[in-house]
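**Q** final-v5.cif is the file, holding mmCIF, C-alpha atoms:
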```cif
data_upload
loop_
_atom_site.label_atom_id
_atom_site.label_comp_id
_atom_site.auth_asym_id
_atom_site.auth_seq_id
_atom_site.Cartn_x
_atom_site.Cartn_y
_atom_site.Cartn_z
CA MET A 305 -11.62 -14.81 -4.88
CA SER A 306 -7.95 -14.24 -4.32
CA GLY A 307 -5.29 -15.12 -6.87
CA ARG A 308 -1.61 -15.18 -7.58
CA ALA A 309 0.33 -15.03 -10.81
CA ARG A 310 3.99 -15.07 -11.71
CA ARG A 311 4.98 -11.97 -13.68
CA ALA A 312 8.13 -10.19 -14.70
CA TRP A 313 9.56 -8.01 -11.91
CA THR A 314 8.53 -4.39 -12.22
CA PRO A 315 8.25 -1.79 -9.46
CA ALA A 316 4.58 -1.17 -10.25
CA LEU A 317 3.57 -4.82 -9.88
CA CYS A 318 5.51 -5.24 -6.67
CA LEU A 319 4.19 -2.07 -5.15
CA VAL A 320 0.58 -3.05 -5.62
CA ALA A 321 1.22 -6.24 -3.69
CA VAL A 322 3.16 -4.50 -0.94
CA VAL A 323 0.68 -1.74 -0.30
CA ALA A 324 -2.18 -4.17 0.18
CA LEU A 325 -0.29 -6.11 2.81
CA LEU A 326 0.65 -3.61 5.49
CA ALA A 327 -1.87 -4.57 8.12
CA MET A 328 -0.93 -8.10 9.24
CA PRO A 329 -0.25 -8.91 12.91
CA ALA A 330 3.31 -9.10 14.24
CA GLY A 331 5.05 -12.34 13.43
CA ALA A 332 2.56 -13.30 10.74
CA ALA A 333 3.93 -14.71 7.52
CA ALA A 334 2.86 -15.29 3.92
CA LYS A 335 -0.77 -15.15 2.70
CA ASN A 336 -1.98 -12.57 0.17
CA GLY A 337 0.64 -13.70 -2.30
CA LEU A 338 3.75 -13.03 -0.19
CA GLU A 339 6.16 -15.87 0.46
CA LEU A 340 7.28 -14.22 3.70
CA ASP A 341 6.08 -11.31 5.86
CA LEU A 342 7.67 -10.28 9.19
CA HIS A 343 7.27 -7.30 11.52
CA LEU A 344 9.63 -5.69 14.04
CA PRO A 345 9.70 -2.35 15.87
CA GLY A 346 11.69 0.60 14.55
CA SER A 347 12.84 3.72 16.37
CA HIS A 348 10.72 6.88 16.68
CA GLY A 349 7.44 4.98 16.71
CA TYR A 350 7.77 3.28 13.32
CA GLU A 351 6.84 -0.29 12.51
CA ILE A 352 9.19 -2.12 10.16
CA GLU A 353 7.94 -4.82 7.81
CA VAL A 354 10.21 -7.22 5.92
CA GLY A 355 8.99 -9.60 3.26
CA GLY A 356 8.68 -10.46 -0.38
CA TYR A 357 7.95 -13.02 -3.03
CA ASP A 358 10.25 -15.03 -5.29
CA THR A 359 12.94 -12.56 -6.50
CA THR A 360 11.38 -9.42 -4.98
CA ALA A 361 12.14 -8.29 -1.42
CA PHE A 362 11.01 -5.21 0.47
CA VAL A 363 11.50 -3.29 3.69
CA SER A 364 8.69 -0.97 4.72
CA ALA A 365 8.58 1.67 7.47
CA SER A 366 5.20 3.01 8.58
CA ARG A 367 3.67 5.08 11.34
CA SER A 368 -0.07 5.42 11.96
CA VAL A 369 -2.46 7.11 14.37
CA GLY A 370 -5.86 5.90 15.53
CA ASN A 371 -7.72 2.61 15.59
CA PRO A 372 -9.18 2.31 13.04
CA ARG A 373 -6.43 4.27 11.32
CA ARG A 374 -7.14 7.97 10.81
CA LEU A 375 -3.78 8.70 9.24
CA GLU A 376 -0.73 6.77 8.11
CA ALA A 377 2.52 7.43 6.28
CA THR A 378 4.64 4.65 4.78
CA SER A 379 7.83 4.29 2.76
CA THR A 380 8.53 0.96 1.08
CA TYR A 381 11.91 0.04 -0.42
CA ILE A 382 11.92 -2.73 -3.04
CA ALA A 383 14.93 -4.65 -4.31
CA ARG A 384 15.83 -7.84 -6.08
CA GLY A 385 16.53 -10.70 -3.71
CA LYS A 386 15.80 -14.32 -2.88
CA VAL A 387 12.62 -14.98 -0.94
CA SER A 388 10.84 -18.15 0.09
CA ALA A 389 8.58 -19.19 2.96
CA THR A 390 11.67 -20.03 5.03
CA SER A 391 14.32 -17.47 4.02
CA ILE A 392 15.02 -14.02 2.65
CA GLU A 393 18.24 -12.50 1.32
CA ALA A 394 18.45 -8.97 -0.09
CA SER A 395 20.53 -5.80 -0.06
CA PHE A 396 19.00 -2.33 0.10
CA GLY A 397 22.23 -0.48 -0.55
CA SER A 398 23.10 2.22 1.98
CA LEU A 399 19.78 1.66 3.77
CA GLY A 400 20.67 -1.82 4.99
CA HIS A 401 20.26 -5.51 4.27
CA VAL A 402 18.21 -8.57 5.25
CA SER A 403 19.46 -12.14 5.65
CA LEU A 404 17.18 -14.52 7.57
CA ARG A 405 16.50 -18.25 7.70
CA PHE A 406 13.62 -20.01 9.40
CA HIS A 407 14.16 -22.49 12.24
CA PRO A 408 10.98 -24.38 13.21
CA ASN A 409 10.47 -24.95 16.92
CA GLY A 410 6.76 -25.66 17.33
CA PRO A 411 3.91 -27.81 16.06
CA VAL A 412 2.68 -27.87 12.47
CA THR A 413 -0.96 -26.85 12.08
CA ARG A 414 -3.35 -26.67 9.15
CA THR A 415 -6.29 -24.39 8.66
CA LYS A 416 -9.78 -25.66 7.90
CA PRO A 417 -10.23 -26.56 4.23
CA ARG A 418 -11.93 -23.99 1.98
CA ARG A 419 -14.52 -24.80 -0.68
CA HIS A 420 -14.30 -24.47 -4.46
CA CYS A 421 -10.52 -23.99 -4.62
CA LEU A 422 -8.19 -24.06 -7.60
CA GLY A 423 -5.22 -25.92 -6.16
CA PRO A 424 -4.55 -26.16 -2.40
CA ASP A 425 -7.56 -25.67 -0.12
CA ARG A 426 -5.81 -24.90 3.20
CA TYR A 427 -2.73 -23.30 4.73
CA THR A 428 0.06 -25.22 6.47
CA ILE A 429 1.54 -23.20 9.33
CA ARG A 430 4.87 -23.89 11.04
CA SER A 431 5.85 -21.85 14.11
CA GLY A 432 9.48 -20.95 14.75
CA VAL A 433 12.04 -18.18 14.62
CA PHE A 434 13.84 -16.42 11.77
CA VAL A 435 17.57 -16.15 12.53
CA GLY A 436 20.20 -13.99 10.84
CA ALA A 437 20.30 -10.22 10.51
CA VAL A 438 18.01 -7.32 9.68
CA ARG A 439 19.60 -3.87 9.55
CA PHE A 440 17.75 -0.82 8.30
CA ARG A 441 18.35 2.92 8.57
CA GLY A 442 15.97 5.25 6.77
CA GLU A 443 17.09 8.41 5.00
CA ASP A 444 18.63 10.88 7.47
CA GLY A 445 17.92 8.35 10.23
CA TYR A 446 14.17 8.96 10.47
CA THR A 447 13.97 5.41 11.85
CA THR A 448 16.35 2.52 12.47
CA ALA A 449 15.87 -1.18 13.18
CA GLU A 450 18.19 -4.08 13.87
CA SER A 451 17.45 -7.66 14.89
CA HIS A 452 19.03 -11.10 14.77
CA ARG A 453 16.00 -13.16 15.83
CA ILE A 454 12.37 -12.61 14.85
CA ALA A 455 9.61 -14.94 16.03
CA GLY A 456 7.35 -15.86 13.18
CA LYS A 457 5.64 -18.48 11.11
CA SER A 458 6.23 -20.18 7.80
CA VAL A 459 2.91 -20.33 5.94
CA THR A 460 2.38 -22.28 2.70
CA PRO A 461 1.08 -21.79 0.11
CA PRO A 462 1.42 -17.98 -0.15
CA GLU A 463 -2.22 -17.70 -1.18
CA LEU A 464 -5.35 -19.78 -1.75
CA VAL A 465 -7.45 -19.37 -4.87
CA CYS A 466 -10.95 -20.21 -3.63
CA PHE A 467 -14.59 -19.25 -4.21
CA ASP A 468 -16.89 -19.22 -1.20
CA SER A 469 -20.10 -19.39 -3.24
CA ILE A 470 -21.60 -19.26 -6.72
CA ALA A 471 -22.42 -15.59 -6.09
CA SER A 472 -18.74 -14.82 -5.45
CA ILE A 473 -17.82 -16.46 -8.77
CA LEU A 474 -20.35 -14.30 -10.59
CA ARG A 475 -19.08 -11.16 -8.86
CA GLU A 476 -15.47 -12.00 -9.75
CA PHE A 477 -16.33 -12.14 -13.43
CA GLY A 478 -18.62 -9.11 -13.38
CA LEU A 479 -21.86 -11.10 -13.55
CA GLN A 480 -23.79 -9.51 -10.68
CA THR A 481 -26.98 -11.08 -9.40
CA GLY A 482 -29.93 -9.39 -7.76
CA LYS A 483 -30.56 -5.69 -7.32
CA LYS A 484 -27.65 -3.31 -7.34
CA LYS A 485 -26.95 -1.59 -4.05
CA LYS A 486 -27.36 2.14 -3.87
CA HIS A 487 -24.11 3.91 -3.04
CA PRO A 488 -23.75 7.42 -1.65
CA LYS A 489 -22.58 10.15 -3.99
CA VAL A 490 -18.82 10.62 -4.06
CA THR A 491 -17.00 13.84 -4.94
CA ARG A 492 -13.45 13.09 -6.05
CA LEU A 493 -10.47 15.25 -6.98
CA ARG A 494 -7.41 13.60 -8.49
CA ALA A 495 -4.05 15.04 -9.51
CA ASP A 496 -1.28 13.05 -11.23
CA TRP A 497 2.24 13.85 -12.35
CA ARG A 498 4.84 11.57 -13.95
CA GLU A 499 8.29 12.19 -15.37
CA ALA A 500 10.96 9.59 -16.17
CA VAL A 501 11.44 7.49 -13.00
CA HIS A 502 9.36 9.71 -10.71
CA ALA A 503 5.58 9.88 -10.26
CA THR A 504 3.27 11.57 -7.75
CA SER A 505 -0.48 11.11 -7.31
CA PHE A 506 -2.97 12.79 -4.98
CA GLU A 507 -6.62 11.94 -4.49
CA ALA A 508 -9.24 13.54 -2.26
CA SER A 509 -12.71 12.01 -2.01
CA ARG A 510 -15.78 12.99 0.00
CA LYS A 511 -18.58 10.57 0.82
CA ALA A 512 -21.39 11.34 3.27
CA ASP A 513 -19.81 13.05 6.30
CA GLU A 514 -16.17 12.05 5.76
CA ALA A 515 -13.32 12.95 3.43
CA THR A 516 -10.37 10.70 2.59
CA PHE A 517 -6.98 11.84 1.30
CA VAL A 518 -4.32 9.66 -0.31
CA ALA A 519 -0.93 10.60 -1.76
CA ILE A 520 1.52 8.27 -3.51
CA HIS A 521 5.07 9.01 -4.63
CA GLN A 522 7.10 6.53 -6.69
CA GLN A 523 10.74 6.79 -7.65
CA THR A 524 13.71 4.69 -8.70
CA GLU A 525 17.14 5.25 -7.18
CA GLY A 526 19.82 2.97 -8.56
CA LYS A 527 18.65 -0.61 -8.03
CA LEU A 528 15.93 0.38 -5.55
CA ALA A 529 12.30 1.12 -6.30
CA ILE A 530 10.82 3.35 -3.60
CA TYR A 531 7.09 3.63 -3.02
CA ARG A 532 5.80 6.17 -0.50
CA SER A 533 2.18 6.59 0.55
CA ALA A 534 0.20 8.78 2.93
CA TYR A 535 -3.39 8.43 4.04
CA ALA A 536 -5.69 10.55 6.19
CA LYS A 537 -9.36 10.89 7.06
CA ALA A 538 -11.07 14.14 8.08
CA PRO A 539 -14.55 15.74 8.27
CA ALA A 540 -16.31 16.21 4.93
CA ALA A 541 -15.80 19.99 5.07
CA SER A 542 -12.07 19.51 4.43
CA LEU A 543 -12.99 18.90 0.77
CA GLY A 544 -15.29 21.58 -0.55
CA ALA A 545 -16.54 21.63 -4.15
CA GLN A 546 -19.04 23.76 -6.02
CA THR A 547 -22.09 22.00 -7.44
CA SER A 548 -20.95 22.95 -10.93
CA LEU A 549 -17.55 21.28 -10.31
CA SER A 550 -15.84 24.46 -11.45
CA GLN A 551 -13.97 24.95 -8.19
CA ALA A 552 -12.82 22.90 -5.17
CA THR A 553 -10.66 23.44 -2.10
CA VAL A 554 -8.86 20.75 -0.09
CA ARG A 555 -7.49 21.16 3.45
CA PRO A 556 -6.28 17.74 4.58
CA PRO A 557 -4.78 17.02 8.03
CA ALA A 558 -1.29 15.70 8.78
CA PRO A 559 0.79 14.19 7.27
CA PHE A 560 -0.46 16.71 4.69
CA SER A 561 0.02 20.46 5.04
CA GLY A 562 -1.31 23.54 3.30
CA THR A 563 -4.28 23.96 0.96
CA GLY A 564 -4.95 23.01 -2.65
CA LEU A 565 -7.26 25.00 -4.95
CA PHE A 566 -8.80 23.59 -8.12
CA ARG A 567 -10.64 25.87 -10.54
CA ARG A 568 -11.54 26.26 -14.18
CA ASP A 569 -10.76 29.52 -15.96
CA PRO A 570 -13.30 31.15 -18.35
CA ARG A 571 -11.94 29.03 -21.19
CA GLY A 572 -12.43 25.80 -19.26
CA ALA A 573 -8.72 25.16 -18.56
CA LYS A 574 -8.01 23.36 -15.29
CA LEU A 575 -5.84 25.17 -12.74
CA TRP A 576 -4.39 23.41 -9.67
CA SER A 577 -2.48 25.62 -7.22
CA GLY A 578 -1.70 26.32 -3.58
CA PRO A 579 0.90 25.29 -0.97
CA LEU A 580 -0.48 21.75 -0.53
CA ALA A 581 2.28 19.25 0.35
CA VAL A 582 2.75 15.90 2.06
CA SER A 583 5.52 14.49 4.26
CA PHE A 584 6.46 10.86 3.75
CA PRO A 585 8.93 8.95 5.92
CA GLY A 586 12.35 9.97 4.60
CA GLU A 587 10.90 12.46 2.08
CA PRO A 588 9.29 15.52 3.72
CA ASP A 589 7.34 18.36 2.12
CA VAL A 590 6.63 16.86 -1.32
CA PRO A 591 4.54 19.40 -3.33
CA LEU A 592 1.16 18.18 -4.59
CA THR A 593 0.09 21.10 -6.79
CA GLY A 594 1.35 22.86 -9.90
CA SER A 595 0.89 23.04 -13.65
CA GLN A 596 2.73 19.73 -14.12
CA PHE A 597 -0.20 17.84 -12.57
CA LYS A 598 -3.09 16.50 -14.63
CA THR A 599 -6.16 17.21 -12.53
CA GLN A 600 -9.75 15.99 -12.60
CA LEU A 601 -12.78 16.83 -10.43
CA THR A 602 -15.78 14.46 -10.64
CA ARG A 603 -18.95 13.51 -8.77
CA SER A 604 -20.78 10.19 -8.97
CA TRP A 605 -24.56 10.09 -9.35
#
```
So, in terms of C-alpha cells, how does the structure I just supplied come out?
**A**
Amino acid sequence: MSGRARRAWTPALCLVAVVALLAMPAGAAAKNGLELDLHLPGSHGYEIEVGGYDTTAFVSASRSVGNPRRLEATSTYIARGKVSATSIEASFGSLGHVSLRFHPNGPVTRTKPRRHCLGPDRYTIRSGVFVGAVRFRGEDGYTTAESHRIAGKSVTPPELVCFDSIASILREFGLQTGKKKKHPKVTRLRADWREAVHATSFEASRKADEATFVAIHQQTEGKLAIYRSAYAKAPAASLGAQTSLSQATVRPPAPFSGTGLFRRDPRGAKLWSGPLAVSFPGEPDVPLTGSQFKTQLTRSW
C-alpha cells in the first residue's frame, strides 16, 4: 500500500518524502506523494532534482557511482513555496530560485486501473514542457544549474492508495500470514548526535558478504531546511565486530574517509572515536565520531 496525508510543514516530514524519491527517470513527474518532480543536469557531474508538494518545495543535488548504486552523496534544500502538478514557485535564498509553469503539448494518457483502491485507481498523464526559470548554485559553487525549459509530465493524482491483494492488506496492518521468512544475521552500529537545529546520524550494517554505510546531516539555516545524505556499499570486512559486541571498527569507502572505533571500557561505557568523516555536496569533512554521539552496536539473531 502507498498513502498520502496532509500534515503541518516540518523539515523532518518533508525530508522523509524527499529522500525516498531520488531515483525517478528524467522528466518524470509526481507519484509517491509529490505534486511535481523534475530533473535536469548540473555541473561537475551532479543531477539536479526540483519538486515538491503543496507548500513545500525542494532542490536536490546528487552524484552517484555504479549501477546499481555503490555510493551516492546528496544535498537537499527545502523551502516554503507553491507547488502543484502544473507549477512551482519558490525561493532558496542565495542558492537560487524556481519558477515554472506547465504547458501541455502532447496526448493525455491514463494508466491501467489498479484494484482495491481508496479513491482514484489510475494516473492521468499529460506530456508537455515546464517553462520559466530554474537557477541554482550550491555552496562554494560545487555545482550549478540553469534552465528555462524542462520537458516533463503532469501526473495526477500525486499518489494512489491501493492494495494489490488480501495478503498485502494483512501485511500493511502487521497481520502476517504463513511462515515467517528467515533473514540473515545483521550486525549494526549506529551513532546519533543532535543539538538545537543540527543533527547527524551514521549507521553501518553488515549482512552476509556486504556492508552498507549511511550518513545523514540535518540543519536549518534561516528559512531553509537542509538535508544531506551519503550512502556507500563495501565488502563485509569494512565493518568488523567482536562476537561479544564489545568492540567494532568501520572503514567505509568514499564519500566517507578515515576509520571509526567503537569499544566498551571495563565499566561498560561506550566509546566512539577515530578520524571517521563524510563529505556531502556543499559540506565536506563532517566528523562522525566523538563523545557527543550516542552509539549502539547490535546483532540480530
**Q** Would you mind listing what lies within 9 Å of range 384-400 of chain A as a VMD selection string, with all atoms listed in the file counted and same-chain residues fewer than 4 positions away left out?
**A** chain A and resid 313 333 to 334 338 to 341 354 to 363 404 to 407 434 438 to 443 457 to 462 527 to 528
**Q** Spell out the residues picked by the PyMOL selection byres ((chain A and resi 428) around 8) here, as a list in words.
**A**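 Evaluating the PyMOL selection byres ((chain A and resi 428) around 8) on these coordinates yields Val412, Thr413, Arg414, Thr415, Arg426, Tyr427, Ile429, Arg430, Val459, Thr460 and Pro461 of chain A.
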**Q** Just to be explicit: take each residue in the selection above, keep C-alpha atoms, and write the result as a PDB file, in the frame of the given file.
**A**
```
ATOM      1  CA  VAL A 412       2.680 -27.870  12.470  1.00  0.00           C
ATOM      2  CA  THR A 413      -0.960 -26.850  12.080  1.00  0.00           C
ATOM      3  CA  ARG A 414      -3.350 -26.670   9.150  1.00  0.00           C
ATOM      4  CA  THR A 415      -6.290 -24.390   8.660  1.00  0.00           C
ATOM      5  CA  ARG A 426      -5.810 -24.900   3.200  1.00  0.00           C
ATOM      6  CA  TYR A 427      -2.730 -23.300   4.730  1.00  0.00           C
ATOM      7  CA  ILE A 429       1.540 -23.200   9.330  1.00  0.00           C
ATOM      8  CA  ARG A 430       4.870 -23.890  11.040  1.00  0.00           C
ATOM      9  CA  VAL A 459       2.910 -20.330   5.940  1.00  0.00           C
ATOM     10  CA  THR A 460       2.380 -22.280   2.700  1.00  0.00           C
ATOM     11  CA  PRO A 461       1.080 -21.790   0.110  1.00  0.00           C
TER      12      PRO A 461
END
```
**Q** Quick one: of A:Gly423, A:Pro411, A:Gly456, A:Pro559, who's nearest to Thr378 in chain A, counting only C-alpha atoms?
**A**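 Closest to Thr378 in chain A, using only C-alpha atoms: A:Pro559.
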**Q** Around the point (6.2, 14.3, -8.8) (coordinates from the file), which residues reach within 8 Å if we count all atoms listed in the file? Answer as a list in words.
**A**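 In the file's frame, the residues around the point are Asp496, Trp497, Arg498, Glu499, His502, Ala503, Thr504, Ser505, His521, Val590, Pro591 and Leu592 of chain A.
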**Q** Which residues, named as in the file, does the PyMOL selection byres ((chain A and resi 580-585) around 9) pick out? Answer as a VMD selection string.
**A** chain A and resid 365 to 367 377 to 379 442 to 443 446 to 447 519 521 532 to 534 554 to 556 558 to 565 577 to 579 586 to 593
**Q** For each of A:Ile530, A:Val433, A:Pro557, A:His348, take the minimum atom-to-atom distance to Ala508 in chain A, counting all atoms listed in the file, then give the residue where this is smallest.
**A**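 Among A:Ile530, A:Val433, A:Pro557, A:His348, it is A:Pro557 that comes nearest to Ala508 in chain A.
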**Q** Return as number ranges by chain the set of residues that the PyMOL selection byres ((chain A and resi 514-518) around 8) yields on the displayed structure.
**A** A: 506-513, 519-520, 533-543, 556
**Q** Contacts of range 600-605 of chain A at 12 Å or less, counting only C-alpha atoms, minus same-chain residues fewer than 5 places along, as a PDB file with C-alpha atoms, keeping the file's coordinate frame?
**A**
```
ATOM      1  CA  LYS A 486     -27.360   2.140  -3.870  1.00  0.00           C
ATOM      2  CA  HIS A 487     -24.110   3.910  -3.040  1.00  0.00           C
ATOM      3  CA  PRO A 488     -23.750   7.420  -1.650  1.00  0.00           C
ATOM      4  CA  LYS A 489     -22.580  10.150  -3.990  1.00  0.00           C
ATOM      5  CA  VAL A 490     -18.820  10.620  -4.060  1.00  0.00           C
ATOM      6  CA  THR A 491     -17.000  13.840  -4.940  1.00  0.00           C
ATOM      7  CA  ARG A 492     -13.450  13.090  -6.050  1.00  0.00           C
ATOM      8  CA  LEU A 493     -10.470  15.250  -6.980  1.00  0.00           C
ATOM      9  CA  ARG A 494      -7.410  13.600  -8.490  1.00  0.00           C
ATOM     10  CA  ALA A 495      -4.050  15.040  -9.510  1.00  0.00           C
ATOM     11  CA  ASP A 496      -1.280  13.050 -11.230  1.00  0.00           C
ATOM     12  CA  SER A 505      -0.480  11.110  -7.310  1.00  0.00           C
ATOM     13  CA  PHE A 506      -2.970  12.790  -4.980  1.00  0.00           C
ATOM     14  CA  GLU A 507      -6.620  11.940  -4.490  1.00  0.00           C
ATOM     15  CA  ALA A 508      -9.240  13.540  -2.260  1.00  0.00           C
ATOM     16  CA  SER A 509     -12.710  12.010  -2.010  1.00  0.00           C
ATOM     17  CA  ARG A 510     -15.780  12.990   0.000  1.00  0.00           C
ATOM     18  CA  LYS A 511     -18.580  10.570   0.820  1.00  0.00           C
ATOM     19  CA  LEU A 543     -12.990  18.900   0.770  1.00  0.00           C
ATOM     20  CA  GLY A 544     -15.290  21.580  -0.550  1.00  0.00           C
ATOM     21  CA  ALA A 545     -16.540  21.630  -4.150  1.00  0.00           C
ATOM     22  CA  GLN A 546     -19.040  23.760  -6.020  1.00  0.00           C
ATOM     23  CA  THR A 547     -22.090  22.000  -7.440  1.00  0.00           C
ATOM     24  CA  SER A 548     -20.950  22.950 -10.930  1.00  0.00           C
ATOM     25  CA  LEU A 549     -17.550  21.280 -10.310  1.00  0.00           C
ATOM     26  CA  SER A 550     -15.840  24.460 -11.450  1.00  0.00           C
ATOM     27  CA  GLN A 551     -13.970  24.950  -8.190  1.00  0.00           C
ATOM     28  CA  ALA A 552     -12.820  22.900  -5.170  1.00  0.00           C
ATOM     29  CA  THR A 553     -10.660  23.440  -2.100  1.00  0.00           C
ATOM     30  CA  VAL A 554      -8.860  20.750  -0.090  1.00  0.00           C
ATOM     31  CA  LEU A 565      -7.260  25.000  -4.950  1.00  0.00           C
ATOM     32  CA  PHE A 566      -8.800  23.590  -8.120  1.00  0.00           C
ATOM     33  CA  ARG A 567     -10.640  25.870 -10.540  1.00  0.00           C
ATOM     34  CA  ARG A 568     -11.540  26.260 -14.180  1.00  0.00           C
ATOM     35  CA  ALA A 573      -8.720  25.160 -18.560  1.00  0.00           C
ATOM     36  CA  LYS A 574      -8.010  23.360 -15.290  1.00  0.00           C
ATOM     37  CA  LEU A 575      -5.840  25.170 -12.740  1.00  0.00           C
ATOM     38  CA  TRP A 576      -4.390  23.410  -9.670  1.00  0.00           C
TER      39      TRP A 576
END
```
**Q** Work out how far CA of His401 in chain A is from CA of His343 in chain A, in Å to one decimal.
**A** 15.0 Å
**Q** Any idea what the distance is between CA of Gly594 in chain A and CA of Ser368 in chain A?
**A**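 Value for the CA of Gly594 in chain A-CA of Ser368 in chain A distance: 28.0 Å.
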**Q** Rounded to one decimal place, report the CA of Val402 in chain A-CA of Glu353 in chain A distance in Å.
**A**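 These two atoms are separated by 11.2 Å.
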**Q** Measuring atom to atom with only C-alpha atoms, identify which of A:Ala437, A:Gly432, A:Arg419, A:Glu450 is nearest to Val465 in chain A.
**A**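 Closest candidate: A:Arg419.
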**Q** Given 3 Å on each side, where is the centre and what are the edge lengths in Å to one decimal of the axis-aligned box enclosing the listed atoms of range 533-543 of chain A, as AutoDock Vina command-line options?
**A**
```
--center_x -7.1 --center_y 13.3 --center_z 4.4 --size_x 24.5 --size_y 19.4 --size_z 13.7
```
**Q** Between A:Ser595, A:Cys466, A:Leu375, A:Gln522, single out the one closest to Cys421 in chain A, counting all atoms listed in the file.
**A**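 Nearest candidate to Cys421 in chain A out of A:Ser595, A:Cys466, A:Leu375, A:Gln522: A:Cys466.
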